[in-house]
$ cat coords-v6.txt   # compact mmCIF, N, CA and C atoms
# COMPACT_ATOMS: atom_id res chain seq x y z
N MET A 20 123.92 80.63 245.06
CA MET A 20 123.21 81.35 244.01
C MET A 20 124.14 81.65 242.84
N ILE A 21 123.55 81.82 241.70
CA ILE A 21 124.30 82.10 240.47
C ILE A 21 124.22 83.59 240.15
N PHE A 22 125.34 84.15 239.70
CA PHE A 22 125.38 85.55 239.30
C PHE A 22 124.46 85.79 238.11
N GLN A 23 123.69 86.86 238.19
CA GLN A 23 122.88 87.34 237.06
C GLN A 23 123.02 88.84 237.00
N LEU A 24 123.26 89.35 235.81
CA LEU A 24 123.35 90.79 235.63
C LEU A 24 121.96 91.41 235.80
N HIS A 25 121.91 92.50 236.54
CA HIS A 25 120.64 93.20 236.77
C HIS A 25 120.02 93.57 235.42
N PRO A 26 118.70 93.41 235.27
CA PRO A 26 118.04 93.71 233.99
C PRO A 26 118.28 95.14 233.48
N ARG A 27 118.37 96.09 234.37
CA ARG A 27 118.60 97.49 233.94
C ARG A 27 119.98 97.63 233.32
N LEU A 28 120.99 96.99 233.91
CA LEU A 28 122.33 97.03 233.32
C LEU A 28 122.35 96.30 231.98
N GLU A 29 121.64 95.19 231.93
CA GLU A 29 121.53 94.42 230.69
C GLU A 29 120.91 95.28 229.58
N GLN A 30 119.91 96.04 229.94
CA GLN A 30 119.18 96.88 228.98
C GLN A 30 119.99 98.10 228.53
N ASP A 31 120.69 98.73 229.47
CA ASP A 31 121.34 100.01 229.20
C ASP A 31 122.78 99.91 228.70
N CYS A 32 123.35 98.71 228.75
CA CYS A 32 124.79 98.58 228.50
C CYS A 32 125.12 97.56 227.41
N ILE A 33 126.35 97.64 226.96
CA ILE A 33 126.91 96.71 225.98
C ILE A 33 128.03 95.96 226.69
N THR A 34 128.01 94.65 226.64
CA THR A 34 129.07 93.88 227.28
C THR A 34 130.34 93.96 226.45
N ILE A 35 131.45 94.27 227.12
CA ILE A 35 132.75 94.35 226.46
C ILE A 35 133.54 93.07 226.71
N GLY A 36 133.55 92.60 227.95
CA GLY A 36 134.34 91.42 228.28
C GLY A 36 134.37 91.18 229.77
N ARG A 37 135.38 90.41 230.19
CA ARG A 37 135.48 90.05 231.60
C ARG A 37 136.92 90.15 232.07
N PHE A 38 137.06 90.60 233.29
CA PHE A 38 138.32 90.51 234.01
C PHE A 38 138.20 89.31 234.94
N GLU A 39 139.15 89.12 235.80
CA GLU A 39 139.11 87.98 236.73
C GLU A 39 137.87 88.03 237.63
N LEU A 40 137.55 89.21 238.16
CA LEU A 40 136.41 89.35 239.07
C LEU A 40 135.18 89.95 238.38
N CYS A 41 135.40 90.94 237.54
CA CYS A 41 134.29 91.77 237.06
C CYS A 41 133.97 91.57 235.59
N ARG A 42 132.70 91.77 235.31
CA ARG A 42 132.24 91.91 233.93
C ARG A 42 132.40 93.39 233.58
N LEU A 43 132.86 93.66 232.37
CA LEU A 43 133.05 95.03 231.91
C LEU A 43 131.96 95.38 230.92
N LEU A 44 131.26 96.46 231.20
CA LEU A 44 130.17 96.94 230.36
C LEU A 44 130.49 98.35 229.87
N MET A 45 129.85 98.74 228.77
CA MET A 45 129.91 100.11 228.29
C MET A 45 128.48 100.64 228.25
N MET A 46 128.24 101.75 228.91
CA MET A 46 126.92 102.37 228.88
C MET A 46 126.63 102.80 227.45
N ASN A 47 125.42 102.51 227.00
CA ASN A 47 125.03 102.86 225.62
C ASN A 47 124.58 104.32 225.57
N ASP A 48 125.56 105.20 225.77
CA ASP A 48 125.33 106.65 225.72
C ASP A 48 126.56 107.27 225.08
N SER A 49 126.43 107.69 223.85
CA SER A 49 127.57 108.16 223.06
C SER A 49 128.10 109.52 223.49
N ARG A 50 127.45 110.19 224.43
CA ARG A 50 127.94 111.50 224.87
C ARG A 50 129.16 111.39 225.75
N TYR A 51 129.34 110.24 226.42
CA TYR A 51 130.47 110.06 227.33
C TYR A 51 131.02 108.65 227.17
N PRO A 52 132.34 108.48 227.10
CA PRO A 52 132.88 107.13 227.24
C PRO A 52 132.63 106.70 228.70
N TRP A 53 131.75 105.73 228.89
CA TRP A 53 131.21 105.41 230.23
C TRP A 53 131.22 103.90 230.38
N PHE A 54 131.99 103.43 231.36
CA PHE A 54 132.19 102.01 231.56
C PHE A 54 131.75 101.60 232.96
N ILE A 55 131.35 100.36 233.09
CA ILE A 55 130.84 99.86 234.36
C ILE A 55 131.48 98.50 234.65
N LEU A 56 132.01 98.37 235.85
CA LEU A 56 132.51 97.09 236.33
C LEU A 56 131.47 96.48 237.26
N VAL A 57 131.14 95.21 237.04
CA VAL A 57 130.18 94.51 237.88
C VAL A 57 130.85 93.23 238.39
N PRO A 58 131.16 93.16 239.70
CA PRO A 58 131.72 91.91 240.22
C PRO A 58 130.74 90.76 239.98
N GLU A 59 131.23 89.68 239.41
CA GLU A 59 130.36 88.55 239.08
C GLU A 59 130.20 87.63 240.29
N ARG A 60 129.52 88.17 241.28
CA ARG A 60 129.18 87.43 242.49
C ARG A 60 127.70 87.66 242.75
N ALA A 61 127.00 86.63 243.15
CA ALA A 61 125.55 86.72 243.38
C ALA A 61 125.24 87.55 244.62
N ASP A 62 124.14 88.29 244.55
CA ASP A 62 123.57 89.01 245.69
C ASP A 62 124.51 90.01 246.35
N LEU A 63 125.25 90.75 245.57
CA LEU A 63 126.12 91.80 246.11
C LEU A 63 125.47 93.15 245.92
N GLN A 64 125.52 93.95 246.99
CA GLN A 64 125.06 95.33 246.88
C GLN A 64 126.15 96.32 247.28
N GLU A 65 127.09 95.88 248.10
CA GLU A 65 128.09 96.80 248.64
C GLU A 65 129.48 96.20 248.51
N ILE A 66 130.48 97.05 248.40
CA ILE A 66 131.87 96.58 248.27
C ILE A 66 132.29 95.78 249.50
N TYR A 67 131.85 96.18 250.68
CA TYR A 67 132.27 95.47 251.90
C TYR A 67 131.78 94.03 251.94
N GLN A 68 130.83 93.66 251.10
CA GLN A 68 130.34 92.28 251.06
C GLN A 68 131.31 91.34 250.33
N LEU A 69 132.27 91.90 249.61
CA LEU A 69 133.29 91.10 248.97
C LEU A 69 134.32 90.65 250.01
N SER A 70 135.00 89.56 249.74
CA SER A 70 136.10 89.15 250.62
C SER A 70 137.23 90.17 250.49
N LYS A 71 138.16 90.14 251.42
CA LYS A 71 139.30 91.06 251.36
C LYS A 71 140.06 90.90 250.04
N ALA A 72 140.29 89.67 249.63
CA ALA A 72 141.01 89.43 248.37
C ALA A 72 140.20 89.96 247.18
N GLU A 73 138.90 89.80 247.21
CA GLU A 73 138.05 90.31 246.12
C GLU A 73 138.02 91.84 246.11
N ARG A 74 138.03 92.46 247.29
CA ARG A 74 138.08 93.93 247.35
C ARG A 74 139.38 94.44 246.74
N GLU A 75 140.47 93.76 247.04
CA GLU A 75 141.76 94.15 246.47
C GLU A 75 141.76 93.96 244.95
N LEU A 76 141.18 92.87 244.48
CA LEU A 76 141.10 92.61 243.05
C LEU A 76 140.21 93.65 242.37
N LEU A 77 139.10 94.01 242.99
CA LEU A 77 138.22 95.05 242.45
C LEU A 77 138.98 96.36 242.32
N THR A 78 139.75 96.73 243.32
CA THR A 78 140.55 97.95 243.26
C THR A 78 141.54 97.89 242.12
N GLU A 79 142.20 96.76 241.93
CA GLU A 79 143.15 96.60 240.83
C GLU A 79 142.47 96.71 239.47
N GLU A 80 141.34 96.02 239.31
CA GLU A 80 140.62 96.06 238.04
C GLU A 80 140.09 97.46 237.76
N SER A 81 139.59 98.13 238.77
CA SER A 81 139.08 99.49 238.61
C SER A 81 140.20 100.45 238.24
N SER A 82 141.32 100.34 238.90
CA SER A 82 142.46 101.21 238.61
C SER A 82 142.99 100.97 237.20
N TYR A 83 143.08 99.71 236.82
CA TYR A 83 143.54 99.34 235.47
C TYR A 83 142.61 99.93 234.41
N LEU A 84 141.31 99.77 234.63
CA LEU A 84 140.33 100.31 233.69
C LEU A 84 140.43 101.83 233.62
N ALA A 85 140.44 102.49 234.76
CA ALA A 85 140.47 103.96 234.79
C ALA A 85 141.73 104.50 234.12
N GLU A 86 142.88 103.94 234.44
CA GLU A 86 144.14 104.41 233.86
C GLU A 86 144.13 104.25 232.33
N ASN A 87 143.66 103.11 231.87
CA ASN A 87 143.66 102.86 230.43
C ASN A 87 142.61 103.67 229.69
N MET A 88 141.44 103.85 230.26
CA MET A 88 140.41 104.65 229.59
C MET A 88 140.77 106.12 229.61
N ALA A 89 141.40 106.60 230.69
CA ALA A 89 141.86 107.99 230.72
C ALA A 89 142.87 108.24 229.61
N ALA A 90 143.79 107.30 229.41
CA ALA A 90 144.80 107.45 228.36
C ALA A 90 144.18 107.30 226.98
N LEU A 91 143.35 106.28 226.78
CA LEU A 91 142.75 106.02 225.47
C LEU A 91 141.88 107.18 225.00
N TYR A 92 141.09 107.73 225.92
CA TYR A 92 140.14 108.79 225.56
C TYR A 92 140.62 110.20 225.92
N LYS A 93 141.87 110.29 226.41
CA LYS A 93 142.46 111.59 226.75
C LYS A 93 141.54 112.40 227.68
N ALA A 94 141.19 111.78 228.79
CA ALA A 94 140.25 112.36 229.76
C ALA A 94 140.84 113.59 230.46
N ASP A 95 139.96 114.54 230.74
CA ASP A 95 140.33 115.63 231.63
C ASP A 95 140.20 115.16 233.08
N LYS A 96 139.24 114.24 233.31
CA LYS A 96 138.97 113.72 234.65
C LYS A 96 138.24 112.40 234.51
N MET A 97 138.52 111.46 235.40
CA MET A 97 137.76 110.22 235.48
C MET A 97 136.82 110.32 236.68
N ASN A 98 135.53 110.12 236.44
CA ASN A 98 134.56 110.04 237.53
C ASN A 98 134.32 108.56 237.82
N ILE A 99 134.57 108.15 239.05
CA ILE A 99 134.41 106.76 239.44
C ILE A 99 133.50 106.74 240.65
N ALA A 100 132.42 105.93 240.55
CA ALA A 100 131.44 105.92 241.64
C ALA A 100 130.65 104.62 241.67
N ALA A 101 130.28 104.23 242.88
CA ALA A 101 129.37 103.11 243.09
C ALA A 101 128.16 103.67 243.84
N ILE A 102 127.12 104.03 243.13
CA ILE A 102 125.96 104.67 243.73
C ILE A 102 124.90 103.63 244.09
N GLY A 103 124.32 103.00 243.08
CA GLY A 103 123.40 101.89 243.30
C GLY A 103 122.03 102.24 243.83
N ASN A 104 121.57 103.46 243.63
CA ASN A 104 120.24 103.81 244.11
C ASN A 104 119.14 103.22 243.23
N LEU A 105 119.34 103.22 241.92
CA LEU A 105 118.34 102.64 241.01
C LEU A 105 118.59 101.17 240.73
N VAL A 106 119.86 100.79 240.66
CA VAL A 106 120.25 99.40 240.44
C VAL A 106 121.01 98.95 241.67
N PRO A 107 120.39 98.13 242.52
CA PRO A 107 121.04 97.76 243.78
C PRO A 107 122.25 96.83 243.63
N GLN A 108 122.36 96.13 242.50
CA GLN A 108 123.50 95.24 242.28
C GLN A 108 124.79 96.07 242.27
N LEU A 109 125.81 95.59 242.98
CA LEU A 109 127.07 96.31 243.04
C LEU A 109 127.63 96.51 241.63
N HIS A 110 127.87 97.75 241.27
CA HIS A 110 128.49 98.10 240.00
C HIS A 110 129.19 99.44 240.17
N ILE A 111 130.33 99.58 239.49
CA ILE A 111 131.15 100.76 239.65
C ILE A 111 131.27 101.47 238.30
N HIS A 112 130.80 102.71 238.26
CA HIS A 112 130.86 103.54 237.06
C HIS A 112 132.26 104.13 236.89
N HIS A 113 132.73 104.17 235.67
CA HIS A 113 133.99 104.81 235.29
C HIS A 113 133.66 105.69 234.08
N ILE A 114 133.54 106.98 234.31
CA ILE A 114 133.09 107.89 233.26
C ILE A 114 134.22 108.83 232.88
N VAL A 115 134.55 108.83 231.59
CA VAL A 115 135.54 109.76 231.06
C VAL A 115 134.87 111.12 230.93
N ARG A 116 135.46 112.11 231.57
CA ARG A 116 134.88 113.45 231.53
C ARG A 116 135.83 114.43 230.86
N TYR A 117 135.21 115.41 230.22
CA TYR A 117 135.93 116.49 229.56
C TYR A 117 135.33 117.81 230.04
N GLN A 118 136.17 118.81 230.16
CA GLN A 118 135.67 120.12 230.55
C GLN A 118 134.70 120.68 229.52
N THR A 119 134.71 120.11 228.34
CA THR A 119 133.83 120.56 227.25
C THR A 119 132.55 119.73 227.14
N ASP A 120 132.39 118.68 228.00
CA ASP A 120 131.17 117.87 227.85
C ASP A 120 129.95 118.64 228.36
N LYS A 121 128.80 118.25 227.86
CA LYS A 121 127.55 119.00 228.08
C LYS A 121 127.18 119.14 229.56
N ALA A 122 127.53 118.17 230.38
CA ALA A 122 127.15 118.20 231.79
C ALA A 122 128.21 118.83 232.70
N TRP A 123 129.40 119.06 232.19
CA TRP A 123 130.52 119.55 233.02
C TRP A 123 130.16 120.84 233.72
N PRO A 124 130.50 121.02 234.96
CA PRO A 124 131.22 120.14 235.87
C PRO A 124 130.29 119.25 236.73
N ALA A 125 129.02 119.29 236.45
CA ALA A 125 128.04 118.53 237.23
C ALA A 125 128.15 117.03 236.92
N PRO A 126 127.57 116.18 237.79
CA PRO A 126 127.50 114.75 237.48
C PRO A 126 126.66 114.52 236.22
N VAL A 127 126.87 113.38 235.57
CA VAL A 127 126.14 113.08 234.34
C VAL A 127 124.76 112.49 234.59
N TRP A 128 124.53 111.94 235.78
CA TRP A 128 123.28 111.24 236.07
C TRP A 128 122.07 112.16 236.00
N GLY A 129 121.10 111.73 235.20
CA GLY A 129 119.82 112.41 235.15
C GLY A 129 119.82 113.77 234.48
N LYS A 130 120.92 114.16 233.89
CA LYS A 130 121.01 115.47 233.25
C LYS A 130 120.29 115.51 231.90
N PHE A 131 120.62 114.52 231.07
CA PHE A 131 120.11 114.50 229.70
C PHE A 131 119.77 113.07 229.31
N ALA A 132 118.87 112.92 228.35
CA ALA A 132 118.54 111.58 227.84
C ALA A 132 119.76 111.00 227.12
N ALA A 133 119.92 109.69 227.25
CA ALA A 133 121.03 109.00 226.59
C ALA A 133 120.91 109.13 225.07
N VAL A 134 122.07 109.20 224.42
CA VAL A 134 122.15 109.19 222.97
C VAL A 134 122.86 107.88 222.60
N PRO A 135 122.10 106.86 222.19
CA PRO A 135 122.71 105.54 221.93
C PRO A 135 123.76 105.60 220.82
N TYR A 136 124.73 104.71 220.93
CA TYR A 136 125.74 104.55 219.90
C TYR A 136 125.11 103.93 218.65
N THR A 137 125.67 104.24 217.49
CA THR A 137 125.31 103.52 216.27
C THR A 137 126.06 102.18 216.30
N ASP A 138 125.65 101.24 215.47
CA ASP A 138 126.35 99.95 215.39
C ASP A 138 127.82 100.15 215.03
N ARG A 139 128.09 101.06 214.15
CA ARG A 139 129.48 101.34 213.74
C ARG A 139 130.29 101.91 214.89
N GLN A 140 129.70 102.84 215.64
CA GLN A 140 130.39 103.41 216.80
C GLN A 140 130.69 102.33 217.84
N ILE A 141 129.73 101.45 218.06
CA ILE A 141 129.94 100.36 219.02
C ILE A 141 131.12 99.50 218.57
N ALA A 142 131.13 99.11 217.32
CA ALA A 142 132.22 98.27 216.80
C ALA A 142 133.57 98.97 216.96
N ASP A 143 133.62 100.26 216.63
CA ASP A 143 134.87 101.02 216.75
C ASP A 143 135.36 101.07 218.19
N HIS A 144 134.45 101.39 219.11
CA HIS A 144 134.82 101.46 220.53
C HIS A 144 135.28 100.10 221.05
N LEU A 145 134.53 99.05 220.73
CA LEU A 145 134.88 97.73 221.23
C LEU A 145 136.25 97.30 220.73
N ASP A 146 136.54 97.55 219.48
CA ASP A 146 137.86 97.20 218.94
C ASP A 146 138.98 97.93 219.69
N ARG A 147 138.82 99.22 219.87
CA ARG A 147 139.84 100.03 220.55
C ARG A 147 140.01 99.61 222.01
N ILE A 148 138.90 99.39 222.69
CA ILE A 148 138.94 99.06 224.11
C ILE A 148 139.55 97.68 224.32
N LYS A 149 139.08 96.70 223.55
CA LYS A 149 139.59 95.34 223.71
C LYS A 149 141.08 95.28 223.40
N ASP A 150 141.51 96.02 222.40
CA ASP A 150 142.93 96.07 222.08
C ASP A 150 143.72 96.70 223.22
N ARG A 151 143.24 97.80 223.74
CA ARG A 151 143.93 98.52 224.81
C ARG A 151 143.99 97.69 226.10
N LEU A 152 142.90 97.02 226.43
CA LEU A 152 142.81 96.26 227.69
C LEU A 152 143.27 94.82 227.55
N LYS A 153 143.61 94.41 226.34
CA LYS A 153 144.05 93.03 226.08
C LYS A 153 142.96 92.03 226.44
N LEU A 154 141.72 92.33 226.05
CA LEU A 154 140.59 91.44 226.32
C LEU A 154 140.33 90.53 225.13
$ encode --input "coords-v6.txt" --output "structure tokens"
Amino acid sequence: MIFQLHPRLEQDCITIGRFELCRLLMMNDSRYPWFILVPERADLQEIYQLSKAERELLTEESSYLAENMAALYKADKMNIAAIGNLVPQLHIHHIVRYQTDKAWPAPVWGKFAAVPYTDRQIADHLDRIKDRLKL
């Protein structure tokens, strides 16, 4: 089977680029710097379905993303989670959190309606992120 991004992720996110294993997305919600890694493998729902080498690569890519986004956005905390209740395709959220954000200290899911980025904000974020991550 061929990898296809889940329609909900396609609808809600902006593609930033690709690592060796994962596609990197940015959630189109300007309230939080919010990134999603999606392993580009068909029919995955859980991390354990990846090979051992792929699990190790996912951990490396996730750690690289989290460390760089925490530094770039001066995070108070990085929230990293693979929930998958609404979107069954394996995807890992990396959300930059601040003690001053509207949802703090609660999770961001389902709290407030998304506030989409403007085209200019998207361009600014993509430039900074791609430069930082060497994409």
$ atom_distance --input "coords-v6.txt" --atom1 "atom C of Ser49 (chain A)" --atom2 "CA of Gln118 (chain A)"
14.8 Å
$ atom_distance --input "coords-v6.txt" --atom1 "CA of Leu77 (chain A)" --atom2 "atom N of Tyr136 (chain A)"
27.2 Å
$ closest_residue --input "coords-v6.txt" --among "A:Arg151, A:Lys96, A:His110, A:Lys121" --to "Leu28 (chain A)" --atoms "only C-alpha atoms"
A:His110
$ closest_residue --input "coords-v6.txt" --among "A:His113, A:Val127, A:Pro52, A:Ala132" --to "Leu84 (chain A)" --atoms "only N, CA and C atoms"
A:His113
$ atom_distance --input "coords-v6.txt" --atom1 "CA of Gly103 (chain A)" --atom2 "CA of Arg27 (chain A)"
11.4 Å
$ closest_residue --input "coords-v6.txt" --among "A:Val106, A:Gln140, A:Leu154, A:Met20" --to "Asp62 (chain A)" --atoms "only N, CA and C atoms"
A:Met20
$ select_by_dssp --input "coords-v6.txt" --residues "chain A" --states "helix (DSSP H, G or I)" --output "count of residues only"
46
$ closest_residue --input "coords-v6.txt" --among "A:Asp146, A:Glu73, A:Asp31, A:Asn98" --to "Ile111 (chain A)" --atoms "only N, CA and C atoms"
A:Asn98
$ closest_residue --input "coords-v6.txt" --among "A:Leu40, A:Ile66, A:Ile114, A:Ala122" --to "Ala85 (chain A)" --atoms "all atoms listed in the file"
A:Ile114
$ residues_around --input "coords-v6.txt" --residues "region 55-60 of chain A" --least-positions-apart "6" --cutoff "8 Å" --atoms "only C-alpha atoms" --output "list in words"
Ile21, Phe22, Gln23, Leu40, Cys41, Arg42, Leu43, Leu44, Met45, Met46, Leu77, Ser81, Leu109, His110, Ile111, His112 and His113 of chain A
$ select_by_dssp --input "coords-v6.txt" --residues "chain A" --states "strand (DSSP E or B)" --output "ChimeraX atom specification"
/A:32-37,41-46,53-58,96-100,111-116
$ closest_residue --input "coords-v6.txt" --among "A:Glu75, A:Asp120, A:Asp138, A:Asp143" --to "Tyr51 (chain A)" --atoms "all atoms listed in the file"
A:Asp120
$ residues_near_point --input "coords-v6.txt" --point "(126.9, 103.7, 229.4)" --cutoff "6 Å" --atoms "only C-alpha atoms" --output "PDB file with N, CA and C atoms, keeping the file's coordinate frame"
ATOM      1  N   CYS A  32     123.350  98.710 228.750  1.00  0.00           N
ATOM      2  CA  CYS A  32     124.790  98.580 228.500  1.00  0.00           C
ATOM      3  C   CYS A  32     125.120  97.560 227.410  1.00  0.00           C
ATOM      4  N   MET A  45     129.850  98.740 228.770  1.00  0.00           N
ATOM      5  CA  MET A  45     129.910 100.110 228.290  1.00  0.00           C
ATOM      6  C   MET A  45     128.480 100.640 228.250  1.00  0.00           C
ATOM      7  N   MET A  46     128.240 101.750 228.910  1.00  0.00           N
ATOM      8  CA  MET A  46     126.920 102.370 228.880  1.00  0.00           C
ATOM      9  C   MET A  46     126.630 102.800 227.450  1.00  0.00           C
ATOM     10  N   ASN A  47     125.420 102.510 227.000  1.00  0.00           N
ATOM     11  CA  ASN A  47     125.030 102.860 225.620  1.00  0.00           C
ATOM     12  C   ASN A  47     124.580 104.320 225.570  1.00  0.00           C
ATOM     13  N   ASP A  48     125.560 105.200 225.770  1.00  0.00           N
ATOM     14  CA  ASP A  48     125.330 106.650 225.720  1.00  0.00           C
ATOM     15  C   ASP A  48     126.560 107.270 225.080  1.00  0.00           C
ATOM     16  N   TRP A  53     131.750 105.730 228.890  1.00  0.00           N
ATOM     17  CA  TRP A  53     131.210 105.410 230.230  1.00  0.00           C
ATOM     18  C   TRP A  53     131.220 103.900 230.380  1.00  0.00           C
ATOM     19  N   PHE A  54     131.990 103.430 231.360  1.00  0.00           N
ATOM     20  CA  PHE A  54     132.190 102.010 231.560  1.00  0.00           C
ATOM     21  C   PHE A  54     131.750 101.600 232.960  1.00  0.00           C
TER      22      PHE A  54
END
$ residues_near_point --input "coords-v6.txt" --point "(127.6, 107.8, 240.0)" --cutoff "7 Å" --atoms "only C-alpha atoms" --output "MDAnalysis selection string"
chainID A and resid 99:102 112 128
$ axis_aligned_box --input "coords-v6.txt" --around "region 67-74 of chain A" --padding-each-side "6 Å" --output "lines of an AutoDock Vina configuration file"
center_x = 135.7
center_y = 92.7
center_z = 249.0
size_x = 22.7
size_y = 19.0
size_z = 17.8
$ decode --input "coords-v6.txt" --residues "region 61-97 of chain A" --atoms "C-alpha atoms" --output "tab-separated table (two decimals), in the first residue's frame"
chain	number	residue	atom	x	y	z
A	61	ALA	CA	0.89	3.01	4.99
A	62	ASP	CA	-1.72	1.74	7.46
A	63	LEU	CA	0.00	2.72	10.71
A	64	GLN	CA	-1.97	3.43	13.84
A	65	GLU	CA	0.49	2.70	16.63
A	66	ILE	CA	4.21	3.21	17.24
A	67	TYR	CA	4.73	-0.50	17.92
A	68	GLN	CA	3.74	-1.23	14.30
A	69	LEU	CA	6.98	0.38	13.13
A	70	SER	CA	10.12	-1.73	12.85
A	71	LYS	CA	12.69	-1.36	15.64
A	72	ALA	CA	14.88	0.78	13.37
A	73	GLU	CA	11.89	2.97	12.44
A	74	ARG	CA	10.93	3.39	16.11
A	75	GLU	CA	14.46	4.55	16.85
A	76	LEU	CA	14.37	6.94	13.90
A	77	LEU	CA	10.98	8.29	15.03
A	78	THR	CA	12.44	8.96	18.49
A	79	GLU	CA	15.40	10.78	16.94
A	80	GLU	CA	13.22	12.88	14.64
A	81	SER	CA	10.82	13.70	17.47
A	82	SER	CA	13.63	14.68	19.82
A	83	TYR	CA	15.29	16.81	17.13
A	84	LEU	CA	12.02	18.58	16.41
A	85	ALA	CA	11.16	19.14	20.08
A	86	GLU	CA	14.62	20.45	21.00
A	87	ASN	CA	14.71	22.86	18.07
A	88	MET	CA	11.14	24.12	18.45
A	89	ALA	CA	11.63	24.62	22.20
A	90	ALA	CA	14.70	26.74	21.47
A	91	LEU	CA	13.22	28.60	18.48
A	92	TYR	CA	9.98	29.50	20.26
A	93	LYS	CA	11.44	29.77	23.79
A	94	ALA	CA	8.98	27.21	25.18
A	95	ASP	CA	8.13	26.91	28.84
A	96	LYS	CA	7.18	23.27	28.12
A	97	MET	CA	6.89	20.96	25.12
